[in-house]
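Participant: My structure is stored as data-v5.cif, with mmCIF, N, CA and C atoms.
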```cif
data_start
#
loop_
_atom_site.label_atom_id
_atom_site.label_comp_id
_atom_site.auth_asym_id
_atom_site.auth_seq_id
_atom_site.Cartn_x
_atom_site.Cartn_y
_atom_site.Cartn_z
N MET A 1 171.38 115.43 92.64
CA MET A 1 170.89 115.71 91.31
C MET A 1 170.17 114.47 90.80
N ARG A 2 168.98 114.67 90.29
CA ARG A 2 168.19 113.57 89.73
C ARG A 2 168.04 113.78 88.23
N LYS A 3 168.34 112.71 87.46
CA LYS A 3 168.22 112.78 86.01
C LYS A 3 167.49 111.54 85.50
N MET A 4 166.90 111.70 84.34
CA MET A 4 166.19 110.61 83.70
C MET A 4 166.85 110.35 82.34
N TYR A 5 167.04 109.06 82.03
CA TYR A 5 167.66 108.67 80.77
C TYR A 5 166.79 107.65 80.06
N LYS A 6 166.75 107.73 78.76
CA LYS A 6 166.09 106.73 77.93
C LYS A 6 167.06 105.56 77.78
N MET A 7 166.50 104.36 77.76
CA MET A 7 167.32 103.16 77.56
C MET A 7 166.91 102.50 76.26
N GLU A 8 167.83 101.80 75.65
CA GLU A 8 167.59 101.15 74.37
C GLU A 8 167.97 99.68 74.49
N ASN A 9 167.13 98.80 73.96
CA ASN A 9 167.37 97.35 73.91
C ASN A 9 167.38 96.69 75.29
N LEU A 10 166.57 97.19 76.20
CA LEU A 10 166.39 96.54 77.50
C LEU A 10 165.36 95.43 77.27
N ASP A 11 165.80 94.17 77.36
CA ASP A 11 164.99 93.05 76.89
C ASP A 11 163.94 92.52 77.85
N CYS A 12 164.16 92.61 79.17
CA CYS A 12 163.19 92.00 80.07
C CYS A 12 163.16 92.70 81.43
N ALA A 13 162.05 92.51 82.13
CA ALA A 13 161.89 93.13 83.44
C ALA A 13 162.88 92.56 84.44
N ASN A 14 163.22 91.28 84.30
CA ASN A 14 164.19 90.67 85.20
C ASN A 14 165.56 91.33 85.05
N CYS A 15 165.95 91.63 83.84
CA CYS A 15 167.23 92.31 83.59
C CYS A 15 167.20 93.71 84.20
N ALA A 16 166.08 94.40 84.08
CA ALA A 16 165.94 95.74 84.67
C ALA A 16 166.12 95.67 86.18
N ALA A 17 165.53 94.65 86.82
CA ALA A 17 165.66 94.49 88.27
C ALA A 17 167.10 94.18 88.66
N LYS A 18 167.78 93.35 87.86
CA LYS A 18 169.19 93.04 88.13
C LYS A 18 170.05 94.29 88.00
N MET A 19 169.75 95.11 86.99
CA MET A 19 170.50 96.36 86.80
C MET A 19 170.29 97.29 88.00
N GLU A 20 169.05 97.40 88.45
CA GLU A 20 168.75 98.25 89.61
C GLU A 20 169.58 97.82 90.82
N ARG A 21 169.61 96.52 91.09
CA ARG A 21 170.37 96.03 92.24
C ARG A 21 171.86 96.32 92.08
N ALA A 22 172.39 96.15 90.89
CA ALA A 22 173.81 96.40 90.64
C ALA A 22 174.14 97.89 90.79
N VAL A 23 173.29 98.74 90.25
CA VAL A 23 173.53 100.19 90.32
C VAL A 23 173.37 100.71 91.74
N ALA A 24 172.45 100.15 92.50
CA ALA A 24 172.22 100.59 93.88
C ALA A 24 173.45 100.37 94.75
N LYS A 25 174.31 99.43 94.37
CA LYS A 25 175.53 99.15 95.14
C LYS A 25 176.65 100.14 94.86
N ILE A 26 176.53 100.94 93.83
CA ILE A 26 177.57 101.90 93.46
C ILE A 26 177.57 103.05 94.46
N GLU A 27 178.75 103.33 94.98
CA GLU A 27 178.88 104.41 95.96
C GLU A 27 178.50 105.75 95.33
N GLY A 28 177.66 106.49 96.02
CA GLY A 28 177.23 107.80 95.54
C GLY A 28 175.83 107.79 94.94
N VAL A 29 175.30 106.61 94.61
CA VAL A 29 173.95 106.52 94.06
C VAL A 29 172.96 106.58 95.22
N GLN A 30 172.08 107.57 95.19
CA GLN A 30 171.11 107.77 96.26
C GLN A 30 169.76 107.16 95.91
N TYR A 31 169.43 107.09 94.63
CA TYR A 31 168.15 106.55 94.17
C TYR A 31 168.33 106.01 92.76
N ILE A 32 167.72 104.85 92.49
CA ILE A 32 167.75 104.29 91.15
C ILE A 32 166.41 103.61 90.87
N ASN A 33 165.87 103.86 89.70
CA ASN A 33 164.67 103.17 89.25
C ASN A 33 164.82 102.93 87.76
N ILE A 34 164.66 101.67 87.36
CA ILE A 34 164.70 101.33 85.94
C ILE A 34 163.33 100.76 85.59
N ASN A 35 162.63 101.46 84.70
CA ASN A 35 161.30 101.07 84.29
C ASN A 35 161.39 100.34 82.95
N PHE A 36 161.15 99.03 82.99
CA PHE A 36 161.26 98.22 81.78
C PHE A 36 160.24 98.64 80.73
N MET A 37 159.00 98.84 81.13
CA MET A 37 157.94 99.17 80.16
C MET A 37 158.20 100.50 79.45
N MET A 38 158.71 101.47 80.18
CA MET A 38 158.98 102.79 79.60
C MET A 38 160.39 102.88 79.00
N GLN A 39 161.22 101.86 79.25
CA GLN A 39 162.60 101.87 78.79
C GLN A 39 163.30 103.14 79.29
N ARG A 40 163.20 103.36 80.62
CA ARG A 40 163.71 104.60 81.18
C ARG A 40 164.38 104.35 82.53
N MET A 41 165.47 105.06 82.78
CA MET A 41 166.18 105.00 84.06
C MET A 41 166.13 106.37 84.72
N THR A 42 165.77 106.37 86.00
CA THR A 42 165.83 107.58 86.80
C THR A 42 166.88 107.33 87.87
N ILE A 43 167.82 108.25 87.98
CA ILE A 43 168.91 108.09 88.93
C ILE A 43 169.16 109.40 89.67
N GLU A 44 169.47 109.27 90.95
CA GLU A 44 169.82 110.43 91.76
C GLU A 44 171.17 110.15 92.39
N ALA A 45 172.08 111.12 92.24
CA ALA A 45 173.43 110.97 92.77
C ALA A 45 174.02 112.35 93.03
N SER A 46 175.13 112.36 93.72
CA SER A 46 175.83 113.61 94.02
C SER A 46 176.20 114.33 92.73
N GLU A 47 175.91 115.61 92.68
CA GLU A 47 176.18 116.39 91.47
C GLU A 47 177.68 116.48 91.17
N ALA A 48 178.49 116.58 92.22
CA ALA A 48 179.93 116.71 92.04
C ALA A 48 180.55 115.47 91.41
N GLN A 49 179.97 114.29 91.65
CA GLN A 49 180.53 113.03 91.15
C GLN A 49 179.67 112.41 90.06
N PHE A 50 178.70 113.12 89.55
CA PHE A 50 177.69 112.52 88.68
C PHE A 50 178.29 111.85 87.44
N ASP A 51 179.22 112.50 86.79
CA ASP A 51 179.79 111.93 85.55
C ASP A 51 180.53 110.62 85.81
N SER A 52 181.33 110.59 86.86
CA SER A 52 182.07 109.36 87.16
C SER A 52 181.12 108.26 87.62
N ILE A 53 180.06 108.61 88.34
CA ILE A 53 179.07 107.63 88.76
C ILE A 53 178.37 107.05 87.53
N MET A 54 178.01 107.89 86.57
CA MET A 54 177.32 107.42 85.37
C MET A 54 178.20 106.49 84.53
N GLU A 55 179.51 106.70 84.55
CA GLU A 55 180.42 105.76 83.85
C GLU A 55 180.32 104.38 84.49
N ARG A 56 180.32 104.33 85.83
CA ARG A 56 180.21 103.05 86.54
C ARG A 56 178.83 102.43 86.34
N VAL A 57 177.79 103.27 86.27
CA VAL A 57 176.43 102.78 86.03
C VAL A 57 176.36 102.11 84.65
N ALA A 58 176.92 102.75 83.64
CA ALA A 58 176.91 102.19 82.28
C ALA A 58 177.62 100.84 82.24
N LYS A 59 178.76 100.72 82.94
CA LYS A 59 179.49 99.46 82.98
C LYS A 59 178.68 98.38 83.68
N ALA A 60 178.03 98.73 84.79
CA ALA A 60 177.22 97.76 85.53
C ALA A 60 176.06 97.26 84.69
N CYS A 61 175.43 98.16 83.95
CA CYS A 61 174.30 97.78 83.10
C CYS A 61 174.77 96.89 81.94
N LYS A 62 175.93 97.19 81.38
CA LYS A 62 176.47 96.37 80.28
C LYS A 62 176.77 94.94 80.74
N LYS A 63 177.19 94.78 82.00
CA LYS A 63 177.47 93.44 82.53
C LYS A 63 176.20 92.60 82.56
N VAL A 64 175.09 93.23 82.93
CA VAL A 64 173.82 92.51 83.04
C VAL A 64 173.22 92.26 81.66
N GLU A 65 173.19 93.29 80.84
CA GLU A 65 172.55 93.22 79.51
C GLU A 65 173.49 93.87 78.50
N PRO A 66 174.39 93.08 77.88
CA PRO A 66 175.40 93.65 76.99
C PRO A 66 174.85 94.49 75.83
N GLY A 67 173.66 94.19 75.35
CA GLY A 67 173.09 94.93 74.22
C GLY A 67 172.36 96.20 74.60
N CYS A 68 172.19 96.43 75.89
CA CYS A 68 171.43 97.60 76.36
C CYS A 68 172.32 98.83 76.38
N ARG A 69 171.71 99.96 75.99
CA ARG A 69 172.44 101.25 76.00
C ARG A 69 171.66 102.28 76.77
N ILE A 70 172.39 103.11 77.50
CA ILE A 70 171.79 104.28 78.16
C ILE A 70 172.05 105.45 77.22
N LEU A 71 171.00 106.12 76.81
CA LEU A 71 171.13 107.23 75.87
C LEU A 71 171.35 108.53 76.65
N PHE A 72 172.59 108.99 76.67
CA PHE A 72 172.97 110.19 77.41
C PHE A 72 172.61 111.43 76.64
#
```
Could you spell out this file's structure in structure tokens?
Facilitator:
Amino acid sequence: MRKMYKMENLDCANCAAKMERAVAKIEGVQYININFMMQRMTIEASEAQFDSIMERVAKACKKVEPGCRILF
């Protein structure tokens, strides 16, 4: 399942790249792209585990950029 989310308060392209690397390490994530200019995340993961994966994605993103939010 592939979904797109709007992001809020993503401050720099370097932070977006760090988030991508962190999220790519999460088991079950098949594809991740964080576009700094569009403030958007595209993620593909197993549909059966999607909600639990997104919880881990949100935590990983908060570690890199505490002020950034994924708008679900």
Participant: Can you tell me, as a list in words, what residues are no more than 8 Å from Ile26 (chain A) when counting all atoms listed in the file, ignoring any on the same chain fewer than 5 positions away?
Facilitator: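 Those residues are Arg21, Ile53, Arg56 and Val57 of chain A.
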Participant: Could you list the residues chosen by the PyMOL selection byres (((chain A and resi 54 and name CA) around 10) and name CA) in this structure as a ChimeraX atom specification?
Facilitator: /A:23,26,29,43,45,49-53,55-60,70,72
Participant: Find, counting only C-alpha atoms, the residue in A:Glu47, A:Lys6, A:Cys61, A:Gly67 that gets nearest to Glu20 (chain A).
Facilitator: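 For Glu20 (chain A), the nearest of the given residues is A:Cys61.
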Participant: What does the structure give for the distance between CA of Gln30 (chain A) and CA of Arg69 (chain A), in Å to one decimal?
Facilitator: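 Between these atoms lies a distance of 21.3 Å.
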Participant: Report, in Å to a single decimal, how far apart CA of Gly28 (chain A) and CA of Asn9 (chain A) are.
Facilitator: 26.0 Å
Participant: Rounded to one decimal, what separation in Å do you get between CA of Met41 (chain A) and CA of Tyr5 (chain A)?
Facilitator: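 If I compute the distance from CA of Met41 (chain A) to CA of Tyr5 (chain A), I get 5.1 Å.
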Participant: Expanded to explicit residues, what is the PyMOL selection byres ((chain A and resi 36) around 6.5) for this file, as a ChimeraX atom specification?
Facilitator: /A:12-13,16,34-35,37-40
Participant: Please, what is the axis-aligned box for every listed atom of region 28-42 of chain A with 4 Å on each side, as centre and edge lengths in Å to one decimal, as lines of an AutoDock Vina configuration file?
Facilitator:
```
center_x = 167.8
center_y = 103.0
center_z = 87.5
size_x = 27.7
size_y = 17.6
size_z = 25.5
```
Participant: Going by DSSP on the backbone, which bits of chain A are alpha helix (DSSP H)? Write them as number ranges by chain, please.
Facilitator: A: 13-24, 50-64
Participant: Write the residues of the preceding selection, restricted to N, CA and C atoms, as a CSV table (one decimal), in the frame of the given file.
Facilitator:
```
chain,number,residue,atom,x,y,z
A,13,ALA,N,162.0,92.5,82.1
A,13,ALA,CA,161.9,93.1,83.4
A,13,ALA,C,162.9,92.6,84.4
A,14,ASN,N,163.2,91.3,84.3
A,14,ASN,CA,164.2,90.7,85.2
A,14,ASN,C,165.6,91.3,85.0
A,15,CYS,N,166.0,91.6,83.8
A,15,CYS,CA,167.2,92.3,83.6
A,15,CYS,C,167.2,93.7,84.2
A,16,ALA,N,166.1,94.4,84.1
A,16,ALA,CA,165.9,95.7,84.7
A,16,ALA,C,166.1,95.7,86.2
A,17,ALA,N,165.5,94.6,86.8
A,17,ALA,CA,165.7,94.5,88.3
A,17,ALA,C,167.1,94.2,88.7
A,18,LYS,N,167.8,93.4,87.9
A,18,LYS,CA,169.2,93.0,88.1
A,18,LYS,C,170.0,94.3,88.0
A,19,MET,N,169.8,95.1,87.0
A,19,MET,CA,170.5,96.4,86.8
A,19,MET,C,170.3,97.3,88.0
A,20,GLU,N,169.0,97.4,88.4
A,20,GLU,CA,168.8,98.2,89.6
A,20,GLU,C,169.6,97.8,90.8
A,21,ARG,N,169.6,96.5,91.1
A,21,ARG,CA,170.4,96.0,92.2
A,21,ARG,C,171.9,96.3,92.1
A,22,ALA,N,172.4,96.2,90.9
A,22,ALA,CA,173.8,96.4,90.6
A,22,ALA,C,174.1,97.9,90.8
A,23,VAL,N,173.3,98.7,90.2
A,23,VAL,CA,173.5,100.2,90.3
A,23,VAL,C,173.4,100.7,91.7
A,24,ALA,N,172.4,100.2,92.5
A,24,ALA,CA,172.2,100.6,93.9
A,24,ALA,C,173.4,100.4,94.8
A,50,PHE,N,178.7,113.1,89.6
A,50,PHE,CA,177.7,112.5,88.7
A,50,PHE,C,178.3,111.8,87.4
A,51,ASP,N,179.2,112.5,86.8
A,51,ASP,CA,179.8,111.9,85.6
A,51,ASP,C,180.5,110.6,85.8
A,52,SER,N,181.3,110.6,86.9
A,52,SER,CA,182.1,109.4,87.2
A,52,SER,C,181.1,108.3,87.6
A,53,ILE,N,180.1,108.6,88.3
A,53,ILE,CA,179.1,107.6,88.8
A,53,ILE,C,178.4,107.0,87.5
A,54,MET,N,178.0,107.9,86.6
A,54,MET,CA,177.3,107.4,85.4
A,54,MET,C,178.2,106.5,84.5
A,55,GLU,N,179.5,106.7,84.6
A,55,GLU,CA,180.4,105.8,83.8
A,55,GLU,C,180.3,104.4,84.5
A,56,ARG,N,180.3,104.3,85.8
A,56,ARG,CA,180.2,103.0,86.5
A,56,ARG,C,178.8,102.4,86.3
A,57,VAL,N,177.8,103.3,86.3
A,57,VAL,CA,176.4,102.8,86.0
A,57,VAL,C,176.4,102.1,84.6
A,58,ALA,N,176.9,102.8,83.6
A,58,ALA,CA,176.9,102.2,82.3
A,58,ALA,C,177.6,100.8,82.2
A,59,LYS,N,178.8,100.7,82.9
A,59,LYS,CA,179.5,99.5,83.0
A,59,LYS,C,178.7,98.4,83.7
A,60,ALA,N,178.0,98.7,84.8
A,60,ALA,CA,177.2,97.8,85.5
A,60,ALA,C,176.1,97.3,84.7
A,61,CYS,N,175.4,98.2,84.0
A,61,CYS,CA,174.3,97.8,83.1
A,61,CYS,C,174.8,96.9,81.9
A,62,LYS,N,175.9,97.2,81.4
A,62,LYS,CA,176.5,96.4,80.3
A,62,LYS,C,176.8,94.9,80.7
A,63,LYS,N,177.2,94.8,82.0
A,63,LYS,CA,177.5,93.4,82.5
A,63,LYS,C,176.2,92.6,82.6
A,64,VAL,N,175.1,93.2,82.9
A,64,VAL,CA,173.8,92.5,83.0
A,64,VAL,C,173.2,92.3,81.7
```
Participant: Restricting the calculation to only C-alpha atoms: of A:Ala17, A:Arg2, A:Met7, A:Ala22, which residue gets closest to Lys63 (chain A)?
Facilitator: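 Ranking A:Ala17, A:Arg2, A:Met7, A:Ala22 by distance to Lys63 (chain A), first place goes to A:Ala22.
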Participant: Write down as an mmCIF file with N, CA and C atoms, in the frame of the given file the residues belonging to chain A that are assigned strand (DSSP E) by DSSP computed on the backbone.
Facilitator:
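Wrote it out as out06.cif, contents follow:
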```cif
data_model
loop_
_atom_site.group_PDB
_atom_site.id
_atom_site.type_symbol
_atom_site.label_atom_id
_atom_site.label_comp_id
_atom_site.auth_asym_id
_atom_site.auth_seq_id
_atom_site.Cartn_x
_atom_site.Cartn_y
_atom_site.Cartn_z
ATOM 1 N N ARG A 2 168.980 114.670 90.290
ATOM 2 C CA ARG A 2 168.190 113.570 89.730
ATOM 3 C C ARG A 2 168.040 113.780 88.230
ATOM 4 N N LYS A 3 168.340 112.710 87.460
ATOM 5 C CA LYS A 3 168.220 112.780 86.010
ATOM 6 C C LYS A 3 167.490 111.540 85.500
ATOM 7 N N MET A 4 166.900 111.700 84.340
ATOM 8 C CA MET A 4 166.190 110.610 83.700
ATOM 9 C C MET A 4 166.850 110.350 82.340
ATOM 10 N N TYR A 5 167.040 109.060 82.030
ATOM 11 C CA TYR A 5 167.660 108.670 80.770
ATOM 12 C C TYR A 5 166.790 107.650 80.060
ATOM 13 N N LYS A 6 166.750 107.730 78.760
ATOM 14 C CA LYS A 6 166.090 106.730 77.930
ATOM 15 C C LYS A 6 167.060 105.560 77.780
ATOM 16 N N MET A 7 166.500 104.360 77.760
ATOM 17 C CA MET A 7 167.320 103.160 77.560
ATOM 18 C C MET A 7 166.910 102.500 76.260
ATOM 19 N N GLU A 8 167.830 101.800 75.650
ATOM 20 C CA GLU A 8 167.590 101.150 74.370
ATOM 21 C C GLU A 8 167.970 99.680 74.490
ATOM 22 N N VAL A 29 175.300 106.610 94.610
ATOM 23 C CA VAL A 29 173.950 106.520 94.060
ATOM 24 C C VAL A 29 172.960 106.580 95.220
ATOM 25 N N GLN A 30 172.080 107.570 95.190
ATOM 26 C CA GLN A 30 171.110 107.770 96.260
ATOM 27 C C GLN A 30 169.760 107.160 95.910
ATOM 28 N N TYR A 31 169.430 107.090 94.630
ATOM 29 C CA TYR A 31 168.150 106.550 94.170
ATOM 30 C C TYR A 31 168.330 106.010 92.760
ATOM 31 N N ILE A 32 167.720 104.850 92.490
ATOM 32 C CA ILE A 32 167.750 104.290 91.150
ATOM 33 C C ILE A 32 166.410 103.610 90.870
ATOM 34 N N ASN A 33 165.870 103.860 89.700
ATOM 35 C CA ASN A 33 164.670 103.170 89.250
ATOM 36 C C ASN A 33 164.820 102.930 87.760
ATOM 37 N N ILE A 34 164.660 101.670 87.360
ATOM 38 C CA ILE A 34 164.700 101.330 85.940
ATOM 39 C C ILE A 34 163.330 100.760 85.590
ATOM 40 N N ASN A 35 162.630 101.460 84.700
ATOM 41 C CA ASN A 35 161.300 101.070 84.290
ATOM 42 C C ASN A 35 161.390 100.340 82.950
ATOM 43 N N ARG A 40 163.200 103.360 80.620
ATOM 44 C CA ARG A 40 163.710 104.600 81.180
ATOM 45 C C ARG A 40 164.380 104.350 82.530
ATOM 46 N N MET A 41 165.470 105.060 82.780
ATOM 47 C CA MET A 41 166.180 105.000 84.060
ATOM 48 C C MET A 41 166.130 106.370 84.720
ATOM 49 N N THR A 42 165.770 106.370 86.000
ATOM 50 C CA THR A 42 165.830 107.580 86.800
ATOM 51 C C THR A 42 166.880 107.330 87.870
ATOM 52 N N ILE A 43 167.820 108.250 87.980
ATOM 53 C CA ILE A 43 168.910 108.090 88.930
ATOM 54 C C ILE A 43 169.160 109.400 89.670
ATOM 55 N N GLU A 44 169.470 109.270 90.950
ATOM 56 C CA GLU A 44 169.820 110.430 91.760
ATOM 57 C C GLU A 44 171.170 110.150 92.390
ATOM 58 N N ALA A 45 172.080 111.120 92.240
ATOM 59 C CA ALA A 45 173.430 110.970 92.770
ATOM 60 C C ALA A 45 174.020 112.350 93.030
ATOM 61 N N ARG A 69 171.710 99.960 75.990
ATOM 62 C CA ARG A 69 172.440 101.250 76.000
ATOM 63 C C ARG A 69 171.660 102.280 76.770
ATOM 64 N N ILE A 70 172.390 103.110 77.500
ATOM 65 C CA ILE A 70 171.790 104.280 78.160
ATOM 66 C C ILE A 70 172.050 105.450 77.220
ATOM 67 N N LEU A 71 171.000 106.120 76.810
ATOM 68 C CA LEU A 71 171.130 107.230 75.870
ATOM 69 C C LEU A 71 171.350 108.530 76.650
#
```
Participant: Which one of A:Met19, A:Asn14, A:Asn33, A:Glu44 sits closest to Met1 (chain A) if you count only C-alpha atoms?
Facilitator: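 That would be A:Glu44, the residue with the smallest distance to Met1 (chain A).
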